[in-house]
Structures are given as structure tokens and as C-alpha cells.
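Here is the file coords-v2.cif (mmCIF, C-alpha atoms).
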data_data
loop_
_atom_site.label_atom_id
_atom_site.label_comp_id
_atom_site.auth_asym_id
_atom_site.auth_seq_id
_atom_site.Cartn_x
_atom_site.Cartn_y
_atom_site.Cartn_z
CA MET A 1 79.67 -57.03 2.23
CA LYS A 2 78.87 -60.58 3.28
CA ILE A 3 81.05 -63.17 1.56
CA PRO A 4 78.84 -65.59 -0.41
CA ARG A 5 78.96 -69.30 0.26
CA PRO A 6 81.37 -71.08 -2.13
CA LEU A 7 79.74 -72.86 -5.02
CA PRO A 8 79.97 -76.65 -5.27
CA GLU A 9 83.25 -77.63 -6.89
CA GLU A 10 81.58 -78.99 -10.03
CA LEU A 11 80.13 -75.52 -10.79
CA ARG A 12 83.28 -73.49 -10.29
CA ASP A 13 85.29 -72.01 -13.15
CA ARG A 14 82.61 -72.66 -15.77
CA PRO A 15 79.15 -71.42 -16.77
CA PHE A 16 76.21 -73.46 -15.53
CA THR A 17 72.43 -73.54 -15.68
CA VAL A 18 70.19 -72.61 -12.78
CA VAL A 19 68.62 -76.07 -12.99
CA GLU A 20 71.91 -77.91 -12.46
CA ALA A 21 72.82 -75.48 -9.67
CA ALA A 22 69.56 -76.33 -7.92
CA ARG A 23 70.32 -80.04 -8.30
CA ALA A 24 73.70 -79.39 -6.66
CA GLY A 25 71.97 -77.76 -3.68
CA VAL A 26 72.60 -74.08 -4.50
CA SER A 27 69.88 -71.85 -3.06
CA HIS A 28 67.84 -69.28 -5.02
CA LYS A 29 69.34 -66.56 -2.82
CA ARG A 30 72.90 -67.63 -3.75
CA LEU A 31 71.97 -67.65 -7.44
CA ARG A 32 70.78 -64.04 -7.13
CA HIS A 33 74.04 -62.87 -5.53
CA ARG A 34 75.89 -60.13 -7.41
CA SER A 35 79.08 -62.23 -7.46
CA LEU A 36 77.54 -64.36 -10.21
CA HIS A 37 77.44 -63.17 -13.81
CA ARG A 38 74.14 -63.52 -15.64
CA LEU A 39 74.86 -64.86 -19.11
CA GLY A 40 71.19 -65.06 -20.06
CA LYS A 41 67.97 -66.45 -18.68
CA GLY A 42 68.77 -69.47 -16.55
CA ILE A 43 72.57 -69.31 -17.00
CA ARG A 44 75.16 -68.13 -14.48
CA SER A 45 78.95 -67.99 -14.13
CA GLU A 46 81.16 -67.19 -11.19
CA GLY A 47 83.99 -65.77 -13.27
CA PRO A 48 85.00 -64.85 -16.82
CA THR A 49 84.50 -67.51 -19.47
CA ALA A 50 86.61 -66.23 -22.37
CA GLU A 51 89.52 -68.60 -21.65
CA LEU A 52 87.34 -71.71 -21.41
CA THR A 53 86.97 -74.21 -24.23
CA LEU A 54 84.12 -73.60 -26.65
CA SER A 55 82.35 -76.76 -25.49
CA ALA A 56 82.37 -75.50 -21.90
CA ARG A 57 81.09 -72.07 -22.95
CA VAL A 58 78.31 -73.25 -25.20
CA ARG A 59 77.10 -76.25 -23.17
CA PRO A 60 74.72 -74.37 -20.81
CA PHE A 61 73.12 -72.53 -23.74
CA ILE A 62 72.30 -75.91 -25.28
CA GLU A 63 71.10 -77.45 -22.01
CA VAL A 64 68.80 -74.57 -21.14
CA ASN A 65 67.10 -74.80 -24.53
CA GLU A 66 65.38 -78.14 -25.04
CA ARG A 67 65.74 -80.04 -28.34
CA CYS A 68 68.65 -77.87 -29.49
CA ALA A 69 72.13 -78.59 -30.84
CA ALA A 70 75.13 -76.42 -31.66
CA SER A 71 75.14 -75.68 -35.38
CA HIS A 72 76.67 -73.64 -38.21
CA LEU A 73 79.87 -71.79 -37.20
CA THR A 74 79.72 -73.10 -33.62
CA ALA A 75 79.41 -76.71 -34.80
CA ALA A 76 82.20 -76.20 -37.36
CA GLU A 77 84.54 -74.98 -34.62
CA LEU A 78 83.63 -77.82 -32.25
CA LEU A 79 84.19 -80.35 -35.06
CA VAL A 80 87.49 -78.61 -36.01
CA LEU A 81 86.37 -77.94 -39.57
CA PRO A 82 87.90 -75.10 -41.62
CA ARG A 83 85.71 -72.02 -41.49
CA ARG A 84 85.81 -68.30 -41.93
CA GLN A 85 86.83 -66.58 -38.70
CA GLN A 86 84.53 -63.91 -37.25
CA LYS A 87 86.51 -60.95 -35.97
CA GLY A 88 85.57 -57.82 -34.09
CA THR A 89 82.12 -59.06 -33.00
CA PRO A 90 80.91 -60.41 -29.65
CA GLU A 91 80.85 -64.21 -29.56
CA MET A 92 77.50 -65.58 -30.64
CA TYR A 93 76.61 -69.24 -30.42
CA HIS A 94 74.72 -70.80 -33.32
CA VAL A 95 72.01 -73.20 -32.19
CA ILE A 96 69.64 -75.24 -34.34
CA ARG A 97 66.11 -75.96 -33.14
CA PRO A 98 63.68 -78.24 -35.00
CA GLU A 99 61.11 -76.36 -37.07
CA GLY A 100 57.79 -76.11 -35.31
CA SER A 101 59.46 -75.59 -31.92
CA ALA A 102 58.76 -72.42 -29.97
CA HIS A 103 60.78 -69.34 -30.93
CA LEU A 104 63.74 -68.54 -28.68
CA ASN A 105 65.16 -65.08 -28.08
CA ARG A 106 68.22 -65.25 -25.84
CA PRO A 107 71.38 -63.15 -25.59
CA HIS A 108 74.55 -64.66 -27.11
CA VAL A 109 72.52 -67.14 -29.18
CA ILE A 110 71.56 -67.18 -32.87
CA VAL A 111 68.72 -69.65 -33.22
CA HIS A 112 68.11 -71.43 -36.54
CA ARG A 113 64.69 -73.07 -36.70
CA MET A 114 64.72 -75.64 -39.46
CA LYS A 115 64.19 -79.31 -40.23
CA LEU A 116 66.50 -81.48 -38.11
CA TYR A 117 66.58 -85.29 -38.06
CA SER A 118 67.79 -87.34 -35.11
CA ASP A 119 70.65 -88.88 -37.14
CA GLU A 120 71.96 -85.38 -37.88
CA VAL A 121 73.05 -84.79 -34.28
CA THR A 122 76.20 -86.12 -32.60
CA THR A 123 78.06 -85.08 -29.44
CA VAL A 124 81.39 -83.35 -28.82
CA ASP A 125 82.59 -83.28 -25.20
CA GLY A 126 79.04 -84.14 -24.19
CA VAL A 127 77.52 -81.24 -26.15
CA PRO A 128 74.88 -82.01 -28.83
CA VAL A 129 76.28 -80.83 -32.19
CA THR A 130 75.12 -81.23 -35.76
CA THR A 131 77.02 -83.97 -37.59
CA PRO A 132 79.87 -83.02 -39.95
CA GLU A 133 77.71 -83.62 -43.04
CA ARG A 134 74.78 -81.58 -41.68
CA THR A 135 77.15 -78.83 -40.55
CA TRP A 136 78.66 -78.74 -44.04
CA LEU A 137 75.22 -78.28 -45.60
CA ASP A 138 74.24 -75.59 -43.08
CA MET A 139 77.47 -73.70 -43.78
CA ALA A 140 76.49 -73.43 -47.45
CA GLU A 141 74.38 -70.48 -46.28
CA MET A 142 77.52 -68.61 -45.15
CA LEU A 143 80.54 -69.76 -47.15
CA THR A 144 81.70 -69.25 -50.71
CA VAL A 145 81.79 -72.29 -53.00
CA ASP A 146 85.59 -72.56 -52.59
CA GLU A 147 85.32 -72.37 -48.80
CA LEU A 148 82.59 -75.00 -48.88
CA VAL A 149 84.81 -77.28 -50.98
CA ALA A 150 87.63 -76.83 -48.44
CA MET A 151 85.27 -77.79 -45.62
CA GLY A 152 84.02 -80.78 -47.61
CA ASP A 153 87.59 -81.92 -48.34
CA SER A 154 88.26 -81.78 -44.59
CA CYS A 155 85.14 -83.86 -43.89
CA VAL A 156 86.04 -86.69 -46.28
CA ARG A 157 89.84 -86.72 -45.91
CA LEU A 158 91.53 -89.86 -44.62
CA PRO A 159 93.09 -89.05 -41.24
CA ARG A 160 96.68 -89.88 -40.38
CA PRO A 161 96.49 -92.19 -37.34
CA ASP A 162 100.06 -91.35 -36.28
CA PHE A 163 99.04 -87.73 -35.70
CA GLU A 164 95.29 -87.90 -35.04
CA ASP A 165 93.04 -89.69 -32.58
CA ARG A 166 90.85 -91.23 -35.28
CA ASP A 167 91.29 -93.55 -38.24
CA MET A 168 88.11 -92.84 -40.24
CA PRO A 169 86.91 -89.79 -42.20
CA LEU A 170 84.39 -87.53 -40.46
CA CYS A 171 81.92 -88.51 -43.17
CA SER A 172 81.81 -89.66 -46.79
CA LEU A 173 80.89 -88.00 -50.07
CA ALA A 174 77.73 -90.14 -50.00
CA ASP A 175 76.84 -88.62 -46.60
CA LEU A 176 77.20 -85.10 -48.02
CA GLN A 177 75.07 -86.01 -51.02
CA ARG A 178 72.44 -87.51 -48.70
CA MET A 179 72.12 -84.15 -46.92
CA ILE A 180 71.61 -82.38 -50.25
CA ASP A 181 68.96 -84.90 -51.33
CA ARG A 182 67.18 -84.84 -47.98
CA HIS A 183 66.87 -81.05 -47.52
CA LYS A 184 65.27 -79.89 -50.73
CA GLY A 185 64.60 -76.14 -50.82
CA LYS A 186 67.15 -75.33 -48.11
CA ARG A 187 69.11 -72.09 -48.34
CA GLY A 188 72.56 -72.56 -49.87
CA LEU A 189 71.57 -75.74 -51.71
CA ARG A 190 72.74 -74.42 -55.09
CA LYS A 191 76.22 -73.75 -53.68
CA ALA A 192 76.27 -77.16 -52.00
CA ARG A 193 75.44 -78.88 -55.32
CA GLU A 194 78.21 -76.93 -57.04
CA ALA A 195 80.73 -77.60 -54.26
CA ILE A 196 80.18 -81.36 -53.97
CA LYS A 197 81.29 -81.81 -57.59
CA LEU A 198 84.67 -80.32 -56.63
CA ILE A 199 85.29 -82.15 -53.34
CA ARG A 200 88.13 -84.70 -53.44
CA VAL A 201 89.48 -87.24 -50.95
CA GLY A 202 93.14 -86.61 -50.19
CA SER A 203 93.56 -82.93 -49.40
CA ASP A 204 95.22 -82.35 -46.03
CA SER A 205 94.56 -78.62 -45.62
CA PRO A 206 92.32 -75.80 -46.86
CA GLN A 207 95.37 -74.23 -48.54
CA GLU A 208 95.92 -77.37 -50.60
CA THR A 209 92.25 -77.33 -51.60
CA LEU A 210 92.31 -73.67 -52.65
CA LEU A 211 95.52 -74.25 -54.62
CA ARG A 212 93.98 -77.23 -56.43
CA LEU A 213 90.86 -75.25 -57.30
CA ALA A 214 92.93 -72.35 -58.65
CA MET A 215 95.02 -74.74 -60.78
CA VAL A 216 92.02 -76.46 -62.34
CA ARG A 217 90.20 -73.16 -62.85
CA ALA A 218 93.25 -71.86 -64.76
CA GLY A 219 93.14 -74.81 -67.14
CA LEU A 220 95.91 -76.96 -65.62
CA PRO A 221 95.30 -80.72 -65.40
CA GLU A 222 93.81 -81.84 -62.08
CA PRO A 223 96.59 -83.09 -59.76
CA GLU A 224 96.62 -86.16 -57.57
CA LEU A 225 96.52 -85.52 -53.82
CA ASN A 226 99.00 -86.97 -51.33
CA VAL A 227 99.83 -89.98 -53.50
CA PRO A 228 103.25 -91.55 -52.69
CA ILE A 229 106.08 -91.40 -55.23
CA ILE A 230 107.14 -94.92 -56.28
CA GLY A 231 110.75 -94.97 -57.45
CA GLU A 232 112.08 -97.07 -60.31
CA ASP A 233 113.38 -99.45 -57.65
CA GLY A 234 109.79 -100.00 -56.52
CA LEU A 235 110.36 -98.30 -53.18
CA ARG A 236 107.70 -96.00 -51.75
CA HIS A 237 108.89 -92.45 -51.13
CA HIS A 238 107.18 -89.44 -49.57
CA GLU A 239 103.76 -88.09 -50.62
CA PRO A 240 103.66 -84.68 -52.36
CA ASP A 241 100.72 -82.49 -51.38
CA LEU A 242 99.74 -82.40 -55.08
CA SER A 243 101.44 -84.19 -57.94
CA TYR A 244 101.53 -85.13 -61.62
CA ARG A 245 102.97 -88.61 -61.93
CA LYS A 246 102.98 -88.44 -65.72
CA TYR A 247 105.25 -85.37 -65.63
CA ARG A 248 107.14 -86.37 -62.45
CA ILE A 249 106.24 -83.14 -60.68
CA GLY A 250 105.48 -82.80 -56.99
CA ILE A 251 103.90 -79.64 -55.55
CA GLU A 252 104.39 -78.80 -51.88
CA TYR A 253 102.39 -76.14 -50.06
CA GLU A 254 104.55 -74.74 -47.29
CA GLY A 255 102.70 -73.20 -44.37
CA GLU A 256 104.16 -70.93 -41.72
CA HIS A 257 105.56 -73.90 -39.77
CA HIS A 258 108.09 -74.46 -42.57
CA GLY A 259 110.20 -71.67 -41.02
CA ASP A 260 110.85 -73.92 -38.02
CA GLY A 261 114.45 -75.13 -37.77
CA GLY A 262 113.58 -78.81 -37.67
CA GLN A 263 111.15 -78.44 -40.56
CA ILE A 264 113.81 -76.69 -42.66
CA VAL A 265 116.07 -79.73 -42.24
CA ARG A 266 113.19 -82.03 -43.28
CA ASP A 267 112.41 -79.82 -46.30
CA ILE A 268 116.03 -79.98 -47.48
CA ALA A 269 116.00 -83.78 -47.15
CA ARG A 270 112.73 -83.88 -49.09
CA SER A 271 114.22 -81.77 -51.91
CA GLU A 272 117.21 -84.11 -52.08
CA ASN A 273 114.82 -87.05 -52.30
CA TYR A 274 112.99 -85.42 -55.22
CA HIS A 275 116.29 -85.08 -57.06
CA ALA A 276 117.25 -88.68 -56.28
CA VAL A 277 114.06 -90.11 -57.82
CA GLY A 278 114.18 -87.81 -60.84
CA TRP A 279 111.20 -85.66 -59.94
CA ALA A 280 110.87 -81.87 -60.00
CA GLU A 281 109.69 -80.11 -56.83
CA VAL A 282 107.52 -76.98 -56.97
CA ARG A 283 107.31 -75.19 -53.64
CA ILE A 284 104.34 -72.90 -53.02
CA SER A 285 103.95 -70.53 -50.07
CA LYS A 286 101.38 -68.04 -48.86
CA ARG A 287 102.79 -65.25 -51.05
CA HIS A 288 102.11 -67.34 -54.16
CA MET A 289 98.42 -67.49 -53.22
CA LEU A 290 97.88 -63.74 -53.54
CA ASN A 291 95.83 -62.34 -56.44
CA ASP A 292 93.66 -65.48 -56.72
CA ALA A 293 96.77 -67.70 -56.63
CA LYS A 294 97.96 -66.47 -60.04
CA PRO A 295 101.67 -66.56 -58.99
CA ALA A 296 101.23 -70.19 -57.85
CA VAL A 297 99.50 -71.19 -61.06
CA ALA A 298 102.20 -69.50 -63.17
CA LYS A 299 104.95 -71.33 -61.30
CA ILE A 300 103.25 -74.71 -61.68
CA ARG A 301 102.39 -74.08 -65.34
CA ALA A 302 106.06 -73.31 -66.08
CA ALA A 303 107.13 -76.60 -64.47
CA LEU A 304 104.53 -78.53 -66.47
CA ILE A 305 105.58 -76.96 -69.77
CA GLN A 306 109.22 -77.70 -69.01
CA ALA A 307 108.23 -81.32 -68.40
CA GLY A 308 106.50 -81.54 -71.78
CA TRP A 309 102.86 -80.67 -71.00
CA ARG A 310 100.87 -78.75 -73.57
CA LYS A 311 97.32 -77.62 -72.98
CA GLY A 312 94.89 -79.63 -75.05
CA TYR A 313 97.27 -82.55 -75.56
#
Can you dump the structure from the file as C-alpha cells?
Amino acid sequence: MKIPRPLPEELRDRPFTVVEAARAGVSHKRLRHRSLHRLGKGIRSEGPTAELTLSARVRPFIEVNERCAASHLTAAELLVLPRRQQKGTPEMYHVIRPEGSAHLNRPHVIVHRMKLYSDEVTTVDGVPVTTPERTWLDMAEMLTVDELVAMGDSCVRLPRPDFEDRDMPLCSLADLQRMIDRHKGKRGLRKAREAIKLIRVGSDSPQETLLRLAMVRAGLPEPELNVPIIGEDGLRHHEPDLSYRKYRIGIEYEGEHHGDGGQIVRDIARSENYHAVGWAEVRISKRHMLNDAKPAVAKIRAALIQAGWRKGY
């Protein structure tokens, strides 16, 4: 079998559209060669794409469909927002297309035709994507209220510049409210209205959000989030994930990384610091979150009662 002519370097190792291939000088005959995989009308790839970044995989599906942007689950993943993982199903890309546009029926693509304003689209790695606030509202169609609160907390949280490449929240509570007010009658709006009342600035992870929601739902006072402990000497100490300053209780959610050797040393030092400033530390792990987080709530309630809290007082 005749060996096909190599593709231009800029088209290798990634999916591409037939239009950009033509601009790069690739002939129609080469595009029809069996060595290329057809990923849908107008999209080709020389090799497998599973190991590529999501932005590289989804980009040609956006480019081949005019006036589209990645949305819903695809946008949430590109924006690194917490979301429910889809398992056991072929990868489908969610794409939003302004209402009134022609219907699209392409493999690998779920098309949502709905109202879309120009200020509701941003870019990630050059790919048009719905903004964090619009993505949050769209995901109200798919998520539970608690999951939507966790996503909202992630949108409005203050980043930590030492560990992240940004110093501003993805959006504000006002931005989320603006989406609700703008898209009257949209699916999921009731859940969005319920969720926005529960979103708080300060949560660093979905687990912290779900723990906070379980605590408040069980009748415990609402905790502060990542607020530094100020000792009697006026010095600023570390920031508990959740805390009750009145009762001098700090609550730490420990993820799987807390089994790391270096993290264990840091956790011991943190516990010693709690003791030094006269605070109690409550450590919560994944096993405490089972059964709607009842074990976590019971552990925190016991610490509060020991510190003098009584419900209703």
C-alpha cells in the first residue's frame, strides 16, 4: 500500500478540521486516505486522541460549528469546576448554540440550542467556552442543589496566589445572580435560586462545601470558612477549613493526600499549634462523610457541646 504523504507538522498528533487542513495545503485525496480517522463531518485525526487535553479534543468540534461554544459538563471541565464524573459512556462534548440557529446533528456532540449572550462566552486555550457563571447556571439542569452549591463555592472562592496562576475569583455572587435574573424560564432555575442562597465565599474544596451543608442542615451553627486563628498574643496562625471562633474549635477536612509522609508531619505540627493556642481540633475524613455525613456531624456536635454550645442558645 502506498505510504501517504506526511501531514504538515501543525496538524500532527491532534484532531483538525478539513478547512484548516485545506489552508495548510493538504489535498482532498490525502484527506480521504484510510490512515486518517473520521471523527465526524469535516473533522479528521491521524492518530488516537484519548490522551490529548480536552481543549485539543473539543476544539475542532467547536470550529466546525459556527457560533458555538463548549458548555455544560465540557465547559465545567475546561474551567476546572467541580462536577459529577460521567463513567462508562463514550465521551460526548457539550456545545451551546444560540437559539434560532440551524439544528446540528453530529457524532460525539450534544448540542444545546438556547439563548446565549456575547458576554457569556470566554476562551480557554483558544477554545470558546461559556463563562463560569453561565456554566454554573447551565449545570443546574444536571446537578443536585448540593452539587450546584459546591460548584458555586468554587466559582466565587478567593484563589491562593502562591499555588494558583490567578488572583481573582472566577466570578462573583452578583454574576451568578445576574445569570438567574437574565434567563427567566430556563430549566434548572428553581435549583439555581435555592443553591445561590447557600453559596459562601471561602470554601476551598467541594468536600468542605458538602460538610458545611450537612452541618447546617443538622442544626449546627454555620461555621466560618478558612478564617485565620488569632492568638491571644495577636499573632496570626493557620486557617482551619471550617471554624467556630466563639467556641475555639477548628474543623479540618483531610483528603487522601493527608496520607503523604510530608503532609503527616505538617498535620502533627498543626495539631500542636491548635493545642498551643487553646483551640480544639476536629479532624474529618472521607469515612466520616458516609451516610449523609452523619458521623462527621456527630463528631462536630460533640466538640461543640463540650465547648459549651447548646442548640437554641
**Prompt:** Just so the selection is clear, what residues does the PyMOL selection byres ((chain A and resi 285) around 10) cover here, as a ChimeraX atom specification?
**Reply:** /A:207,252-256,258,283-284,286-290,296
**Fill in**
In terms of only C-alpha atoms, the residue from A:Asp125, A:Glu281, A:Glu208, A:Glu66 at minimal distance from A:Thr53 is A:Asp125
**Message:** I want to know what sits within 7 Å of stretch 11-20 of chain A, based on only C-alpha atoms, with residues of the same chain fewer than 2 positions away left out; could you give that as an NGL selection string?
**Reply:** :A and (7-9 or 22-24 or 42-47 or 49 or 56-57 or 60 or 64)
Same residues, C-alpha atoms, saved as an mmCIF file, keeping the file's coordinate frame:
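Saved the output as out-v1.cif:
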data_model
loop_
_atom_site.group_PDB
_atom_site.id
_atom_site.type_symbol
_atom_site.label_atom_id
_atom_site.label_comp_id
_atom_site.auth_asym_id
_atom_site.auth_seq_id
_atom_site.Cartn_x
_atom_site.Cartn_y
_atom_site.Cartn_z
ATOM 1 C CA LEU A 7 79.740 -72.860 -5.020
ATOM 2 C CA PRO A 8 79.970 -76.650 -5.270
ATOM 3 C CA GLU A 9 83.250 -77.630 -6.890
ATOM 4 C CA ALA A 22 69.560 -76.330 -7.920
ATOM 5 C CA ARG A 23 70.320 -80.040 -8.300
ATOM 6 C CA ALA A 24 73.700 -79.390 -6.660
ATOM 7 C CA GLY A 42 68.770 -69.470 -16.550
ATOM 8 C CA ILE A 43 72.570 -69.310 -17.000
ATOM 9 C CA ARG A 44 75.160 -68.130 -14.480
ATOM 10 C CA SER A 45 78.950 -67.990 -14.130
ATOM 11 C CA GLU A 46 81.160 -67.190 -11.190
ATOM 12 C CA GLY A 47 83.990 -65.770 -13.270
ATOM 13 C CA THR A 49 84.500 -67.510 -19.470
ATOM 14 C CA ALA A 56 82.370 -75.500 -21.900
ATOM 15 C CA ARG A 57 81.090 -72.070 -22.950
ATOM 16 C CA PRO A 60 74.720 -74.370 -20.810
ATOM 17 C CA VAL A 64 68.800 -74.570 -21.140
#
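Closest to A:Ser243 among A:Asn105, A:Arg212, A:Arg217, A:Glu77 is A:Arg212, based on only C-alpha atoms.
The spacing separating atom CA of A:Arg59 from atom CA of A:Val80 amounts to 16.7 Å.
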Please, what is the axis-aligned box for every listed atom of stretch 178-187 of chain A with 5 Å on each side, as centre and edge lengths in Å to one decimal, as JSON?
{"center_x": 68.5, "center_y": -79.8, "center_z": -49.1, "size_x": 17.8, "size_y": 25.4, "size_z": 14.4}
**Request:** Skip stretch 144-159 of chain A itself and residues of its chain fewer than 2 positions away, then list as a ChimeraX atom specification all residues within 10 Å of it, counting only C-alpha atoms.
**Result:** /A:76,79-84,132-133,135-137,139-142,161-176,188,190-210,213-214
**Request:** Figure out the distance between atom CA of A:Leu304 and atom CA of A:Asn273, please, to one decimal in Å.
**Result:**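 About the pair atom CA of A:Asn273 and atom CA of A:Leu304: they are 19.5 Å apart.
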**Request:** Could you give me, as a PyMOL selection string, the residues that have an atom at most 12 Å away from the point (75.8, -80.6, -27.4) in the coordinates of the file, using all atoms listed in the file?
**Result:** chain A and resi 54-71+74-75+78-79+93-96+121-131
**Message:** At a cut-off of 10 Å, using all atoms listed in the file, what residues contact A:Ser271? Leave out same-chain residues fewer than 3 positions from it and give the result as a ChimeraX atom specification.
**Reply:** /A:266-268,274-276,279-283
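Shortest atom-to-atom contact with A:Met215 among A:Arg301, A:Lys115, A:His33, A:Arg236: A:Arg301, counting all atoms listed in the file.
For the pair atom CA of A:Gln306 and atom CA of A:Pro223, the interatomic distance is 16.6 Å.
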